[in-house]
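Input: a single structure, listed below in structure tokens.
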Amino acid sequence: MPKQILIVDDSESIREVLAFSIANAGYEVMVASDGLDALKYLDGRTIDLLLTDYHMPNMNGLELIKKVRMLESYKFIPILVLTTENQFTIMKEARDFGATGWLTKPFNTEKLLQTLRKVIR
Amino acid sequence: MNSFIEKFKEEVNDYFERLETGLLHLEHEPENQQIIDEIFRIMHSMKGSGGMFGFELISEVTHELESFYDIFRSKKRIIDSEAISFTLNSIDGLKRLMTISPTSEEVKLAEKMKSETRSQIARFSDDPEYPISQSSVKKENLPPVDLSQQTWYISFIPHPEILKNGTNPLFLIDELNALGECNIQVHFDKLPSLSEMNPEHCYISWSIFIATSENLDTLNDVFIFVNDKKGIQIEKVSSNNVLHNEAILAKFLNAKYSGEEWILVESDLKKTETKPDEKDEADVLLKSSAEIPKNSVFTQTTVDSIRVDSQKIDQYLNLVSELITAQSRLEMISSRLNHPDLEMITESFEKLSRQLRDNAFDMSLIPLESVAVRFKRLIHDLSKSLDKEVVLVTEGLETELDKNIIEKLIEPLLHIVRNSMDHGIESKSERLGKLKPAIGTIKIKASTAGSYVLIEIEDDGAGLDLKKIRRKAVEKGIIRDDVKLSNDEISQLIFEAGFSTAELVTDVSGRGVGMDVVKNRIQEMRGMIELSTEKDRYTRISIRLPLSLSIIDGLLTRVGEGYYVIPSSVVRKIHFVKYKLLKKGFRQVVELEGAQLPYLNMYDEFVGDGNAPEDQLAIVVSFNNQLFGLVVDEVIHEYQAVIKPLGKLLNGKNAFSGASILGTGQLALVIDTNKMIKKYS
């Protein structure tokens with residue numbers, strides 16, 4: 001049973017490039033276009049990793065993480081945040097909300113998969 | 001990767017449009033935080049994606065713009081119209097920077113845009129020395145890898161709540177293990193009794209000796225996601241692999257617990273210790289060879305629309321039209337063979353291909369709305385440069401049109417709007433003098449009528465000066481001095497080639513594109529354009545266009561040995577007529593149902609050998625409330641005509657809009673009723 005990863009990003013191209021690389025590495029990939037969309041998807045399901053963008057319309061990454069962590073079945077799953085800069089404040093904020101780690105754009109496939117492997121096996 | 005880049009480009013176009021829409025809206029509502037947020041977000045996305053897909057300049061410029069909008073977003077400063085216009089110009093600049101391999105000029109442009117953005121930032125910043133953040137586009141500089149193995153000691157005492165962030169400490173140990181040879185000890189001493197244990201806490205700690213050629217940064221990076229850095233200590237034990245030298249390890253631990261400073265024991269100690277590179281948390285460089293699950297599964301959920309390259313749609317449409325040509329051939333063969341089974345399948349094939357055709361059309365239709373922002377933008381820009389205040393009123397822009405038509409339509413429409421702004425709408429003082437509201441109005445209205453779309457552009461400006469137009473037309477030799485023309489006819493003169501009334505060529509119109517070019521463009525698309533005007537009241541330009549360019553429903557008719565297709569949308573009735581009776585008629589008019597109907601006997605026109613058949617058919621077509629009869633020898637059947645353009649030599653010179661290939665391989669000419677009526681009535 002491959003690990004299931006939900007990708008949340010409002011940019012379709014980023015979503016696709018992530019989905020493509022991650023699916024190629026053998027994970028099962030789901031996508032959502034913003035926080036609300038993701039929550040809708042998560043309801044009643046289980047996933048192994050959540051990979052979410054920071055800035056999104058409707059519900060941004062932080063709010064999503066906060067909401068996800070309140071769900072019993074997602075209390076301990078790894079959550080990675082996509083950011084554009086190494087902004088310490090953003091990372092700290094994200095972590096205070098319960099994020100596991102982050103992935104900084106731009107990234108290549110290798111870095112993406114390495115980061116994933118840090119948090120799921 | 002290329003397909004992702006294509007997708008990215010599409011996305012960016014979408015971003016540009018949303019930015020323009022948002023900015024134009026901000027103009028009226030500068031405090032709208034939602035729009036500011038969206039602009040910020042889009043700049044942010046473009047920065048990130050731009051870097052991802054190699055559009056470095058886009059990434060760099062949007063980085064500055066993002067900082068700029070951060071001022072309005074987080075500092076709650078209110079945007080002003082200079083900033084809005086600046087951003088609109090920046091969007092134009094960004095459009096030019098959409099390239100992976102920029103020229104030196106483009107690099108220069110990007111630099112200019114960046115510094116301009118910074119001065120904009122400075123304008124709004126309270127602090128005159130507004131910190132300008134450095135470009136986020138980082139080079140992935142690899143730290144030099146020391147191949148000789150060193151030995152490190154790592155003490156890892158995770159915070160009890162580490163699990164709450166989704167970090168699994170075991171994975172980290174595992175990751176270390178992948179970096180080199182490890183000697184790992186697990187400490188359970190903090191583990192409480194079961195009754196006191198909080199199952200959500202982590203009570204375990206580790207001490208690890210690792211021999212690796214990786215440097216300190218890499219080791220630190222393993223713990224990059226660990227919140228509580230206090231629980232992590234990394235110390236160098238030796239510049240050699242001493243993992244199997246238990247004496248040294250014991251000595252190290254001894255020194256450690258007694259609080260002594262550990263002095264590296266090697267005699268061959270290298271002085272060139274790995275310099276701590278500039279810390280860059282993002283560059284996680286692992287030599288990990290963790291297993292990758294083999295079976296790849298990719299399920300997409302929650303996506304209900306997809307973007308498709310427009311070329312693919314064109315290709316699809318092309319294939320559909322080929323299919324329809326093949327289908328008509330099949331139909332012909334089937335009717336010749338007269339085989340009931342074959343006929344049945346041909347019939348259902350015909351139905352399916354018709355559905356497929358409609359479906360393909362539907363796919364290539366896009367609403368006019370999608371280009372509305374271009375008008376808004378133009379009006380915004382021109383209002384500024386001409387110092388006229390104008391509101392744009394739109395109606396029915398949800399009307400859909402073939403994408404190809406819309407593309408070809410944009411320039412002519414923009415030109416018309418430009419003319420309205422420049423020549424139509426008067427200056428404020430002039431308007432007030434005429435007792436008109438100071439703010440002018442430009443109305444764009446679209447609606448569907450049968451297989452046509454009507455687009456009207458109306459301004460409440462000065463109207464056309466018919467006397468002046470007439471005078472100019474005489475001057476330019478377009479009409480003779482003595483011709484009598486109705487007002488309507490005079491106003492149509494502006495569509496004539498070489499006509500331009502602008503006394504002085506302004507920056508705005510007079511770009512060498514005249515209304516004649518606009519008219520030609522519209523006619524190329526089998527459309528027509530008309531103008532009506534009233535002095536000091538309005539100028540209205542009406543454009544009528546077919547919904548699609550490539551396939552039409554028509555009647556296949558025969559005249560002599562030639563075939564002609566008449567678009568079904570204009571056919572009203574078909575009457576049986578006698579050739580001889582027609583001949584006797586007066587001035588090419590036939591009386592049908594008590595009304596006088598002008599007609600064209602196509603046999604006489606296109607064959608003309610006087611051997612027309614006795615029994616003919618008059619097809620009554622209507623155009624612009626005008627009825628006209630086209631007399632043919634035979635109506636063969638209804639026919640879906642896939643229209644292929646005529647060559648350049650034939651184009652525009654006759655009454656045909658194209659040709660279609662019949663199932664037999666013969667050619668049928670598609671009649672453009674508009675031109676036909678004009679030419680022969």
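Chain lettering (A, B, ...) mirrors the order of the structure tokens, residue numbering begins at 1 for each chain separately, and ligand numbering begins at 1 in order of display.
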Filtered DSSP result for segment 447-671 of chain B, state alpha helix (DSSP H), as a ChimeraX atom specification: /B:466-475,487-492,515-524,579-584,602
Spatial neighbours of segment 87-95 of chain B, 8 Å, only C-alpha atoms, chain gap at least 2 places, as a list of chain:residue names: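 Close residues of segment 87-95 of chain B: B:Phe16, B:Glu20, B:Leu23, B:Ile58, B:Val61, B:Ala83, B:Ile84, B:Ser85, B:Leu97, B:Met98, B:Leu109, B:Ala110, B:Met113.
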Exercise answer, chain A residues close to chain B, 7 Å and only C-alpha atoms, as number ranges by chain: A: 2, 13-14, 17, 23-32, 55-56, 75-79, 84-85, 98-101, 104-107, 111, 118-119
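Within the 9 Å cut-off around Lys476 of chain B, using only C-alpha atoms and omitting residues fewer than 4 positions from it on the same chain, the listed residues are Arg471, Lys472, Gly498 and Phe499 of chain B.
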Near-Leu62 of chain A list (10 Å; only C-alpha atoms; drop same-chain fewer than 4 positions) as a PyMOL selection string: chain A and resi 35+52-56+66-68+81+90+93-99
Val518 of chain B environment, 10 Å, only C-alpha atoms, sequence neighbours closer than 6 positions dropped, as JSON, numbers by chain: {"B": [409, 411, 412, 413, 414, 415, 416, 495, 524, 529]}
Atom-to-atom span, atom CA of Ile5 of chain A and atom CA of Thr46 of chain A, Å: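 Between these atoms lies a distance of 9.7 Å.
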Residue neighbourhood His201 of chain B, 7 Å, only C-alpha atoms, exclusion window fewer than 3 positions, as a CSV table (one decimal) with C-alpha atoms, in the first residue's frame:
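Result file is selection-v9.csv:
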chain,number,residue,atom,x,y,z
B,160,PRO,CA,8.5,15.3,24.9
B,161,GLU,CA,6.1,16.9,22.6
B,163,LEU,CA,5.4,14.0,18.0
B,198,ASN,CA,1.4,10.1,28.3
Selected residue, from B:Gln626, B:Ser195, B:Gln233, B:Asn245, that lies nearest to Ala211 of chain B when counting only C-alpha atoms: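 Among the listed residues, the smallest separation from Ala211 of chain B belongs to B:Asn245.
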Point-to-point distance in Å for atom CA of Tyr538 of chain B and atom CA of Glu389 of chain B: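 These atoms are spaced 16.3 Å apart.
Between atom CA of Glu106 of chain B and atom CA of Ser310 of chain B there is a distance of 27.2 Å.
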Spatial neighbours of Ala497 of chain B, max dist 8 Å, only C-alpha atoms, sep filter under 3 positions, as JSON, numbers by chain: {"B": [514, 515, 516, 517]}
